[in-house]
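Peer 1: Take a look at the following structure, please.
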Amino acid sequence: MKFSENWLREWVNPAIDTDELLAQLTMAGLEVEGIEPAGADILGVVVGEVVSHEAHPNADKLSLCQVSDGQNTVPVICGAKNVRQGLKVVFAKVGAQLPEIKIKKAKLRGIESQGMLCSAAELKLAESSAGIFELPQDAPVGMDIVEYLQLNDQIIEIDLTPNRGDCLSLAGVAREVSAINSLAVNAPATPEVSESLTEKFPVELLAPEACSRYVGRIIRGIDPRARTPLWMQEKLRRSDLRPISPVVDITNYVMMEMGQPMHGFDFDKLVGGIKVRRATAGEKLTLLDQSEIECRDDTLLIADHEKPLAVAGIMGGLDSSVQSETRNIFFEAAFFTPIDIAGKARSYGMHTDSSHRFERGVDSQLQLRAMQRATELLIKIAGGEAGPVIDCSDENHLPKQPEVALRYDRINRLLGIKVEQKDVVKMLEGLGMQVVANESGWLVTPPGYRFDINIEADLIEEVGRMVGYNNIPGTREAAHIRVDSFSETKINLNQIRDVLVEQGFHEAVTYSFVSPELQAVLDPGQDTLPLSNPISSDMSVMRTRLLPGLVQALQHNVNRQQSRVRLFESGLCFIPDDKGLKQRPHIASVITGSSLDDGLYSQSGSVDFFDIKGNLESILHLSEGSRYQFTRSENPILHPGQSADILADGEVIGFVGALHPSVMAKLHLNQAVFVFEVDLKSVLYAPLAKFSELSKYPSIRRDISLSVDADISVQALIDCIYTVKSEILQEVFVFDVYTGKEVRNFRKSVALGLILQDFSRTLVDEDVEKLVVKVLAQLKNQYNAVLRGN
């Protein structure tokens, strides 16, 4: 945001120079990005008056003027079309210095010219000009133009973080400077303009959750020939805003001065009343920049009873705009919910001063004062009669300011310095906050324009800003060297990262806030925590799983011809429940494409369920592999035939599998994607290593081929075998599963291998047969499993 230093000093004028002022702003968090003079390299230029004007005798497009500087009258040749007798002009005399120009005597078509009539562009006050700079008729002839236009000024540009939307105005910056220097703000008076008309215009809030206050006012009979006064034009110019007409300039001026975006409609073009409503999908509107947009149904519109008039909080429509002949005005000033405006302008390829402010938050109590200020300025400049102020609001949807508890001892602990209690109160009240003392400190209510004050740490940050971070001394703490304890039962996250990286994975770091639509696709039915002031509408809820961010990263890569993607991420997930918010660390992965990199001898196919399951098992084996089991999953985002839930000690800790085809369609993915996500804490524990003696005696493998019902899982059979108490049974594994014509009646064949070994003797056939008989009996009893062929 750009603004004039002189304008700021009209509001608050500390006894410090420009450099110190800039340093204060930067240290307060309003980073100064640049500074430039309002008028540079202008010497010997004065207010002049065109005494006479006639056509140049030797040139059709030139004029011969006699120009007075208050002392002398000299001939000046001018080519501007707007030059005329009696006009007050910016006159550069012979010898004057302009930016990049030194004025000398010259002959143009045989006639001497002793000076130049300047345009705003030649003074570097504008990028372009259609003619010479016209000054008001009361401009004193002969006065130095630098003095008259107050060009001994600096234009300051500050770069604000998104949470400081309250400083997108002169009033906001002045509040900061006044609080830092303990000075009162000298804000211009905003008297109530009494109504001289009784006419009202009905207003309906049909989307109160998005617009909870709309203030309007009719002003009739303004002078369409009125011009914006020079002082306002200059303040706007130094704020990087182009003067256009009194109505437009006043709305821009109030926005810059107070921080409230406003809009003026041609009242004669409005029908029936104002409706603040959602757009109908496909509804079209031609905007002030003459572009036509096709609205989505999530867009908030300002409309009358027949047509849309403006995109709320972004830009007005061309058809209802104020023109050069407009005499009757309808002013609006509204409060729009930041989350409803966030991202809307960018989604239509726009970014306006209004949307920039509404996205960050505008005080919901500012609209009435802004309306009075705009009315006062318009009547002073262009005349007219004002109707009553129309204030339509929905108290249920207006923002409520929170009461934030601030503990005195907490301030000293976090800042590392002692701040006197009376100074804390003075600082906070200087920032416009209401402070009420209690036993441990204070209850603080921030003003309506401070959307960024919600918790105790926010208030402590404000105290730190007012103290000045450069005034907080650095301290060196005594360091006591000690060796951290090492737990053999804890797995380090870096070990898990190393295992995955060795398998060709890349670690991703994605945002913790995601699109609510994507979140609903990948974690359906789960409540989410919405952000009160999101960066944009597609980053407005906290994630409950890591998959939304990973899937977006996968989409980004696939869309850029990276067909083989292997990504993983670890981080916190935010899950609201009846007791509050749970923050749980997860680890997740996504894979797609071929199982191996392309190469001369690689003949790999596409990844499948067993690839992602193997990746997950490589992590689980860092812990106690026997703790974990895979069971059939009913997860709605996973393919029912290629998915599993992971259990640890009987509790579900995650899932693994292929994304469901319906999910793939919603995400516009055309190749199979496999994922896993597990609770990280559940895999960071490993049992303490124990010595286990190796048997000196040979092991025996005995294979059994079972016929079992098709719906019984292999894991259930293995678990059943382990329930047979035997010291010689060391391992059970599956090496074949068959379903086909030879196996009928909804059954399947499962081949299992049993490893048998004793630690005290060599096993004989009788030992093996006894155990196999027990195993078969247990399987028969529990699952009706029998040997193939029996």
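For the structure tokens, the naming scheme is as follows: chains receive sequential letters (A, B, ...) according to their order of presentation, residues are indexed from 1 within each chain, and ligands are indexed from 1 in presentation order.
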Would you please give, as a PyMOL selection string, all residues of segment 281-312 of chain A that DSSP assigns to strand (DSSP E) based on the backbone?
Peer 2: chain A and resi 284-286+292-294+300-303+308-311
Peer 1: Can I get the selection written as a CSV table (one decimal), in the first residue's frame, with all heavy atoms?
Peer 2:
chain,number,residue,atom,x,y,z
A,284,LYS,N,-24.6,-13.6,-16.2
A,284,LYS,CA,-23.6,-12.8,-16.8
A,284,LYS,C,-23.6,-11.4,-16.3
A,284,LYS,O,-24.7,-10.9,-16.0
A,284,LYS,CB,-23.6,-12.9,-18.3
A,284,LYS,CG,-23.3,-14.3,-18.8
A,284,LYS,CD,-23.3,-14.3,-20.3
A,284,LYS,CE,-22.9,-15.7,-20.8
A,284,LYS,NZ,-22.9,-15.8,-22.3
A,285,LEU,N,-22.5,-10.8,-16.2
A,285,LEU,CA,-22.4,-9.4,-15.7
A,285,LEU,C,-21.2,-8.7,-16.4
A,285,LEU,O,-20.1,-9.3,-16.4
A,285,LEU,CB,-22.2,-9.4,-14.2
A,285,LEU,CG,-21.9,-8.0,-13.6
A,285,LEU,CD1,-23.1,-7.1,-13.8
A,285,LEU,CD2,-21.7,-8.1,-12.1
A,286,THR,N,-21.4,-7.6,-17.0
A,286,THR,CA,-20.3,-6.8,-17.6
A,286,THR,C,-19.8,-5.8,-16.5
A,286,THR,O,-20.5,-5.0,-15.9
A,286,THR,CB,-20.8,-6.0,-18.8
A,286,THR,OG1,-21.3,-6.9,-19.8
A,286,THR,CG2,-19.6,-5.2,-19.4
A,292,GLU,N,-16.6,-9.2,-19.4
A,292,GLU,CA,-17.8,-9.9,-19.0
A,292,GLU,C,-17.5,-11.2,-18.4
A,292,GLU,O,-16.6,-12.0,-18.8
A,292,GLU,CB,-18.7,-10.2,-20.3
A,292,GLU,CG,-20.0,-10.9,-20.0
A,292,GLU,CD,-20.9,-11.1,-21.2
A,292,GLU,OE1,-20.5,-12.1,-21.9
A,292,GLU,OE2,-21.9,-10.4,-21.4
A,293,ILE,N,-18.1,-11.5,-17.2
A,293,ILE,CA,-17.9,-12.7,-16.5
A,293,ILE,C,-19.2,-13.6,-16.4
A,293,ILE,O,-20.3,-13.0,-16.5
A,293,ILE,CB,-17.4,-12.5,-15.1
A,293,ILE,CG1,-18.4,-11.7,-14.2
A,293,ILE,CG2,-16.1,-11.7,-15.1
A,293,ILE,CD1,-18.1,-11.7,-12.7
A,294,GLU,N,-19.0,-14.9,-16.4
A,294,GLU,CA,-20.1,-15.8,-16.2
A,294,GLU,C,-20.0,-16.3,-14.7
A,294,GLU,O,-19.0,-17.0,-14.4
A,294,GLU,CB,-20.0,-16.9,-17.2
A,294,GLU,CG,-21.2,-17.9,-17.1
A,294,GLU,CD,-21.2,-18.9,-18.2
A,294,GLU,OE1,-21.0,-18.5,-19.4
A,294,GLU,OE2,-21.4,-20.1,-17.9
A,300,LEU,N,-21.2,-14.1,-4.6
A,300,LEU,CA,-22.1,-13.1,-4.0
A,300,LEU,C,-22.3,-11.9,-4.9
A,300,LEU,O,-21.3,-11.4,-5.4
A,300,LEU,CB,-21.6,-12.7,-2.6
A,300,LEU,CG,-22.6,-11.9,-1.7
A,300,LEU,CD1,-23.7,-12.8,-1.3
A,300,LEU,CD2,-21.9,-11.4,-0.5
A,301,LEU,N,-23.5,-11.6,-5.2
A,301,LEU,CA,-23.8,-10.4,-6.0
A,301,LEU,C,-24.6,-9.4,-5.3
A,301,LEU,O,-25.3,-9.6,-4.4
A,301,LEU,CB,-24.6,-10.9,-7.3
A,301,LEU,CG,-24.0,-11.8,-8.3
A,301,LEU,CD1,-25.0,-12.1,-9.4
A,301,LEU,CD2,-22.7,-11.3,-8.8
A,302,ILE,N,-24.4,-8.1,-5.7
A,302,ILE,CA,-25.3,-7.0,-5.4
A,302,ILE,C,-26.2,-6.9,-6.6
A,302,ILE,O,-25.7,-6.7,-7.7
A,302,ILE,CB,-24.5,-5.7,-5.1
A,302,ILE,CG1,-23.4,-5.9,-4.1
A,302,ILE,CG2,-25.5,-4.6,-4.7
A,302,ILE,CD1,-23.8,-6.4,-2.8
A,303,ALA,N,-27.5,-7.0,-6.4
A,303,ALA,CA,-28.4,-6.9,-7.5
A,303,ALA,C,-29.6,-6.0,-7.2
A,303,ALA,O,-29.9,-5.7,-6.0
A,303,ALA,CB,-28.9,-8.3,-7.9
A,308,PRO,N,-28.2,-8.2,-12.0
A,308,PRO,CA,-27.0,-8.0,-11.1
A,308,PRO,C,-26.4,-6.7,-11.4
A,308,PRO,O,-26.3,-6.2,-12.5
A,308,PRO,CB,-26.1,-9.2,-11.5
A,308,PRO,CG,-26.5,-9.5,-12.9
A,308,PRO,CD,-28.0,-9.2,-13.1
A,309,LEU,N,-25.9,-6.1,-10.3
A,309,LEU,CA,-25.3,-4.8,-10.4
A,309,LEU,C,-23.7,-4.8,-10.2
A,309,LEU,O,-23.0,-4.0,-10.7
A,309,LEU,CB,-25.9,-3.8,-9.4
A,309,LEU,CG,-27.4,-3.7,-9.4
A,309,LEU,CD1,-27.9,-2.8,-8.2
A,309,LEU,CD2,-27.8,-3.0,-10.7
A,310,ALA,N,-23.3,-5.7,-9.3
A,310,ALA,CA,-21.9,-5.8,-9.0
A,310,ALA,C,-21.5,-7.1,-8.4
A,310,ALA,O,-22.4,-7.8,-7.9
A,310,ALA,CB,-21.5,-4.7,-8.0
A,311,VAL,N,-20.3,-7.5,-8.5
A,311,VAL,CA,-19.7,-8.7,-7.8
A,311,VAL,C,-19.3,-8.2,-6.4
A,311,VAL,O,-18.4,-7.4,-6.3
A,311,VAL,CB,-18.5,-9.3,-8.5
A,311,VAL,CG1,-18.1,-10.5,-7.8
A,311,VAL,CG2,-18.9,-9.7,-9.9
Peer 1: Just the helix (DSSP H, G or I) stuff from segment 524-576 of chain A, please, per backbone DSSP, written as an NGL selection string.
Peer 2: :A and (537-539 or 547-558)
Peer 1: Save out the residues we just selected, N, CA and C atoms, as an mmCIF file, in the first residue's frame.
Peer 2:
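Result file is again.cif:
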data_model
loop_
_atom_site.group_PDB
_atom_site.id
_atom_site.type_symbol
_atom_site.label_atom_id
_atom_site.label_comp_id
_atom_site.auth_asym_id
_atom_site.auth_seq_id
_atom_site.Cartn_x
_atom_site.Cartn_y
_atom_site.Cartn_z
ATOM 1 N N SER A 537 -10.301 -19.797 -0.501
ATOM 2 C CA SER A 537 -11.404 -20.712 -0.221
ATOM 3 C C SER A 537 -11.021 -22.168 -0.432
ATOM 4 N N ASP A 538 -10.004 -22.455 -1.269
ATOM 5 C CA ASP A 538 -9.590 -23.835 -1.467
ATOM 6 C C ASP A 538 -8.481 -24.245 -0.490
ATOM 7 N N MET A 539 -8.269 -23.430 0.546
ATOM 8 C CA MET A 539 -7.348 -23.796 1.630
ATOM 9 C C MET A 539 -7.974 -23.332 2.943
ATOM 10 N N LEU A 547 -3.529 -37.498 3.098
ATOM 11 C CA LEU A 547 -3.752 -37.838 1.690
ATOM 12 C C LEU A 547 -4.157 -36.666 0.804
ATOM 13 N N PRO A 548 -5.006 -35.700 1.253
ATOM 14 C CA PRO A 548 -5.365 -34.612 0.330
ATOM 15 C C PRO A 548 -4.150 -33.880 -0.230
ATOM 16 N N GLY A 549 -3.189 -33.539 0.615
ATOM 17 C CA GLY A 549 -2.000 -32.850 0.130
ATOM 18 C C GLY A 549 -1.154 -33.723 -0.776
ATOM 19 N N LEU A 550 -1.002 -35.009 -0.418
ATOM 20 C CA LEU A 550 -0.198 -35.917 -1.234
ATOM 21 C C LEU A 550 -0.843 -36.172 -2.592
ATOM 22 N N VAL A 551 -2.158 -36.323 -2.598
ATOM 23 C CA VAL A 551 -2.854 -36.571 -3.864
ATOM 24 C C VAL A 551 -2.741 -35.347 -4.775
ATOM 25 N N GLN A 552 -2.833 -34.137 -4.194
ATOM 26 C CA GLN A 552 -2.645 -32.931 -5.009
ATOM 27 C C GLN A 552 -1.235 -32.892 -5.601
ATOM 28 N N ALA A 553 -0.230 -33.272 -4.804
ATOM 29 C CA ALA A 553 1.148 -33.305 -5.310
ATOM 30 C C ALA A 553 1.284 -34.348 -6.422
ATOM 31 N N LEU A 554 0.623 -35.494 -6.251
ATOM 32 C CA LEU A 554 0.653 -36.527 -7.285
ATOM 33 C C LEU A 554 -0.007 -36.025 -8.567
ATOM 34 N N GLN A 555 -1.174 -35.360 -8.427
ATOM 35 C CA GLN A 555 -1.846 -34.802 -9.604
ATOM 36 C C GLN A 555 -0.945 -33.805 -10.327
ATOM 37 N N HIS A 556 -0.286 -32.957 -9.558
ATOM 38 C CA HIS A 556 0.604 -31.941 -10.135
ATOM 39 C C HIS A 556 1.689 -32.597 -10.980
ATOM 40 N N ASN A 557 2.257 -33.696 -10.486
ATOM 41 C CA ASN A 557 3.330 -34.375 -11.210
ATOM 42 C C ASN A 557 2.802 -35.133 -12.425
ATOM 43 N N VAL A 558 1.690 -35.830 -12.250
ATOM 44 C CA VAL A 558 1.118 -36.598 -13.365
ATOM 45 C C VAL A 558 0.717 -35.666 -14.502
#
Peer 1: Show which residues sit within 8 Å of Thr251 of chain A, as a compact mmCIF listing (two decimals) with N, CA, C and O atoms, in the first residue's frame. Count only C-alpha atoms, and ignore same-chain residues fewer than 2 positions away.
Peer 2:
# COMPACT_ATOMS: atom_id res chain seq x y z
N VAL A 247 -17.49 11.29 -7.67
CA VAL A 247 -18.11 10.15 -6.97
C VAL A 247 -17.10 9.01 -6.79
O VAL A 247 -16.91 8.47 -5.70
N VAL A 248 -16.42 8.65 -7.88
CA VAL A 248 -15.44 7.55 -7.81
C VAL A 248 -14.28 7.94 -6.91
O VAL A 248 -13.81 7.13 -6.08
N ASP A 249 -13.82 9.18 -7.04
CA ASP A 249 -12.67 9.61 -6.23
C ASP A 249 -13.01 9.63 -4.75
O ASP A 249 -12.17 9.29 -3.91
N TYR A 253 -11.18 7.66 -1.92
CA TYR A 253 -10.58 8.44 -0.83
C TYR A 253 -11.00 7.88 0.52
O TYR A 253 -10.17 7.71 1.43
N VAL A 254 -12.27 7.57 0.68
CA VAL A 254 -12.76 7.01 1.95
C VAL A 254 -12.12 5.64 2.20
O VAL A 254 -11.78 5.31 3.33
N MET A 255 -11.96 4.87 1.14
CA MET A 255 -11.29 3.56 1.29
C MET A 255 -9.86 3.75 1.79
O MET A 255 -9.41 3.05 2.71
N PRO A 261 -14.01 -0.08 1.74
CA PRO A 261 -14.34 0.03 0.31
C PRO A 261 -15.81 0.42 0.14
O PRO A 261 -16.68 -0.06 0.87
N MET A 262 -16.07 1.31 -0.81
CA MET A 262 -17.43 1.75 -1.08
C MET A 262 -17.68 1.70 -2.59
O MET A 262 -16.74 1.52 -3.38
N HIS A 263 -18.93 1.89 -2.95
CA HIS A 263 -19.27 1.93 -4.38
C HIS A 263 -20.43 2.89 -4.58
O HIS A 263 -21.32 3.01 -3.71
N GLY A 264 -20.41 3.59 -5.71
CA GLY A 264 -21.50 4.49 -6.05
C GLY A 264 -22.22 4.01 -7.30
O GLY A 264 -21.58 3.78 -8.33
N ALA A 374 -18.38 9.93 3.29
CA ALA A 374 -18.55 10.04 1.85
C ALA A 374 -19.65 11.03 1.50
O ALA A 374 -19.53 11.81 0.54
Peer 1: What does the distance from atom CA of Leu754 of chain A to atom CA of Ile712 of chain A come to in Å, to one decimal?
Peer 2: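 Separation of atom CA of Leu754 of chain A and atom CA of Ile712 of chain A: 19.2 Å.
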Peer 1: Residues at most 12 Å from Arg227 of chain A, counting only C-alpha atoms, excluding those fewer than 3 positions away in the same chain, as a compact mmCIF listing (two decimals) with N, CA and C atoms, in the first residue's frame?
Peer 2:
# COMPACT_ATOMS: atom_id res chain seq x y z
N GLU A 134 -4.32 21.53 -15.48
CA GLU A 134 -5.22 22.64 -15.17
C GLU A 134 -5.30 22.82 -13.66
N LEU A 135 -4.99 24.02 -13.20
CA LEU A 135 -5.03 24.32 -11.77
C LEU A 135 -6.34 25.04 -11.43
N PRO A 136 -6.77 24.99 -10.15
CA PRO A 136 -7.99 25.70 -9.75
C PRO A 136 -7.84 27.21 -9.99
N ILE A 222 -26.75 16.01 -7.61
CA ILE A 222 -25.35 16.45 -7.61
C ILE A 222 -25.04 17.15 -8.94
N ASP A 223 -24.01 17.98 -8.93
CA ASP A 223 -23.62 18.71 -10.13
C ASP A 223 -22.69 17.82 -10.96
N PRO A 224 -23.13 17.36 -12.12
CA PRO A 224 -22.27 16.48 -12.92
C PRO A 224 -21.04 17.18 -13.48
N LEU A 230 -8.18 19.60 -6.08
CA LEU A 230 -6.79 19.23 -6.32
C LEU A 230 -6.17 18.51 -5.13
N TRP A 231 -6.52 18.94 -3.89
CA TRP A 231 -5.93 18.29 -2.71
C TRP A 231 -6.30 16.81 -2.65
N MET A 232 -7.53 16.46 -3.05
CA MET A 232 -7.94 15.06 -3.05
C MET A 232 -7.27 14.30 -4.19
N GLN A 233 -7.19 14.95 -5.36
CA GLN A 233 -6.50 14.30 -6.48
C GLN A 233 -5.07 13.94 -6.12
N PRO A 243 -7.19 9.70 -10.29
CA PRO A 243 -8.44 10.46 -10.17
C PRO A 243 -9.30 10.30 -11.42
N ILE A 244 -10.62 10.13 -11.21
CA ILE A 244 -11.54 9.89 -12.34
C ILE A 244 -12.68 10.88 -12.35
N SER A 245 -13.48 10.89 -11.27
CA SER A 245 -14.62 11.80 -11.16
C SER A 245 -14.93 11.94 -9.67
N PRO A 246 -15.69 12.97 -9.27
CA PRO A 246 -15.92 13.17 -7.84
C PRO A 246 -16.49 11.95 -7.12
N VAL A 247 -17.49 11.29 -7.67
CA VAL A 247 -18.11 10.15 -6.97
C VAL A 247 -17.10 9.01 -6.79
N VAL A 248 -16.42 8.65 -7.88
CA VAL A 248 -15.44 7.55 -7.81
C VAL A 248 -14.28 7.94 -6.91
N ASP A 249 -13.82 9.18 -7.04
CA ASP A 249 -12.67 9.61 -6.23
C ASP A 249 -13.01 9.63 -4.75
N ILE A 250 -14.22 10.02 -4.41
CA ILE A 250 -14.62 10.05 -3.00
C ILE A 250 -14.68 8.64 -2.42
N SER A 324 -20.73 10.65 -16.74
CA SER A 324 -20.49 12.11 -16.69
C SER A 324 -21.79 12.90 -16.52
N LEU A 378 -19.10 14.44 -0.73
CA LEU A 378 -19.80 14.60 -2.00
C LEU A 378 -20.62 15.87 -2.03
N LYS A 380 -20.11 18.58 -0.30
CA LYS A 380 -19.19 19.73 -0.35
C LYS A 380 -18.67 19.96 -1.76
N ILE A 381 -18.38 18.88 -2.47
CA ILE A 381 -17.73 18.99 -3.77
C ILE A 381 -18.74 19.15 -4.91
N ALA A 382 -19.82 18.39 -4.86
CA ALA A 382 -20.75 18.37 -5.99
C ALA A 382 -22.17 18.75 -5.62
N GLY A 383 -22.39 19.13 -4.37
CA GLY A 383 -23.73 19.51 -3.97
C GLY A 383 -24.65 18.31 -3.85
Peer 1: List every residue of segment 336-361 of chain A that has an atom at most 10 Å from any atom of segment 168-183 of chain A, giving for each one its closest atom pair and the distance in Å to one decimal, counting only C-alpha atoms, sorted by chain and then by ascending residue number, as JSON lines.
Peer 2:
{"residue": "A:Asp353", "atom": "CA", "partner": "A:Leu168", "partner_atom": "CA", "distance": 9.6}
{"residue": "A:His356", "atom": "CA", "partner": "A:Leu168", "partner_atom": "CA", "distance": 9.0}
{"residue": "A:Arg357", "atom": "CA", "partner": "A:Leu168", "partner_atom": "CA", "distance": 7.0}
{"residue": "A:Arg360", "atom": "CA", "partner": "A:Leu168", "partner_atom": "CA", "distance": 9.5}
Peer 1: Tell me which protein, DNA and RNA residues are within 9 Å of Glu306 of chain A, counting only C-alpha atoms, leaving out same-chain ones fewer than 4 positions away, and put them as a VMD selection string.
Peer 2: chain A and resid 270 to 272
Peer 1: Could the residues in this selection be written to a file with C-alpha atoms, as a short mmCIF file (atom, residue, chain, number, x, y, z; two decimals), in the first residue's frame?
Peer 2:
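Below you can see part_0.cif, which holds the result:
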data_model
loop_
_atom_site.label_atom_id
_atom_site.label_comp_id
_atom_site.auth_asym_id
_atom_site.auth_seq_id
_atom_site.Cartn_x
_atom_site.Cartn_y
_atom_site.Cartn_z
CA LEU A 270 -31.62 0.83 -10.23
CA VAL A 271 -34.97 -0.94 -10.14
CA GLY A 272 -37.09 -1.87 -7.10
#
Peer 1: Could you check the closest approach to Pro140 of chain A for each of A:Met664, A:Ala312, A:Val74, A:Val89 and tell me which residue wins, using only C-alpha atoms?
Peer 2: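 Nearest candidate to Pro140 of chain A out of A:Met664, A:Ala312, A:Val74, A:Val89: A:Val89.
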Peer 1: Between A:Ser536, A:Ser512, A:Asn186, A:Thr18, which is the closest to Ala345 of chain A once you count only C-alpha atoms?
Peer 2: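 Between A:Ser536, A:Ser512, A:Asn186, A:Thr18, the residue approaching Ala345 of chain A most closely is A:Ser536.
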Peer 1: With a distance cut-off of 10 Å and only C-alpha atoms, select the neighbouring residues of segment 473-487 of chain A, excluding the residue or stretch itself and same-chain residues fewer than 4 positions from it, and output the selection as a list in words.
Peer 2: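 The residues satisfying every condition are Leu415, Gly416, Ile417, Tyr469, Ile491, Asn492, Tyr685, Ala686 and Leu688 of chain A.
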Peer 1: Please dump the current selection as a compact mmCIF listing (two decimals), in the first residue's frame; keep N, CA and C atoms.
Peer 2:
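Once written, result_12.txt looks like this:
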# COMPACT_ATOMS: atom_id res chain seq x y z
N LEU A 415 8.45 -12.98 26.50
CA LEU A 415 9.28 -11.91 25.94
C LEU A 415 10.68 -11.91 26.55
N GLY A 416 10.82 -12.49 27.74
CA GLY A 416 12.15 -12.52 28.37
C GLY A 416 12.54 -11.21 29.01
N ILE A 417 11.60 -10.27 29.16
CA ILE A 417 11.88 -9.00 29.83
C ILE A 417 10.72 -8.68 30.77
N TYR A 469 11.01 -4.72 19.22
CA TYR A 469 11.85 -5.91 19.26
C TYR A 469 13.33 -5.57 19.38
N ILE A 491 11.66 -45.96 17.84
CA ILE A 491 12.14 -45.82 16.46
C ILE A 491 12.13 -44.35 16.10
N ASN A 492 13.23 -43.88 15.56
CA ASN A 492 13.34 -42.50 15.12
C ASN A 492 12.64 -42.32 13.78
N TYR A 685 7.28 -47.65 18.11
CA TYR A 685 7.72 -48.46 19.25
C TYR A 685 8.29 -49.78 18.74
N ALA A 686 9.40 -50.19 19.33
CA ALA A 686 10.00 -51.49 19.01
C ALA A 686 10.31 -52.20 20.32
N LEU A 688 12.27 -54.32 23.13
CA LEU A 688 13.69 -54.37 23.50
C LEU A 688 14.31 -55.64 22.93
Peer 1: Extract, using only C-alpha atoms, all DNA, RNA and protein residues at most 10 Å from segment 457-465 of chain A, discarding same-chain residues fewer than 3 positions from it, and format them as a PyMOL selection string.
Peer 2: chain A and resi 24+27-29+176+180+404-408+410-412+414-415+417+419+423-428+431+444+446+452-454+468-472
Peer 1: Between A:Glu100, A:Asp409, A:Glu209, A:Glu49, which has the minimum distance to Thr337 of chain A (counting only C-alpha atoms)?
Peer 2: A:Glu209
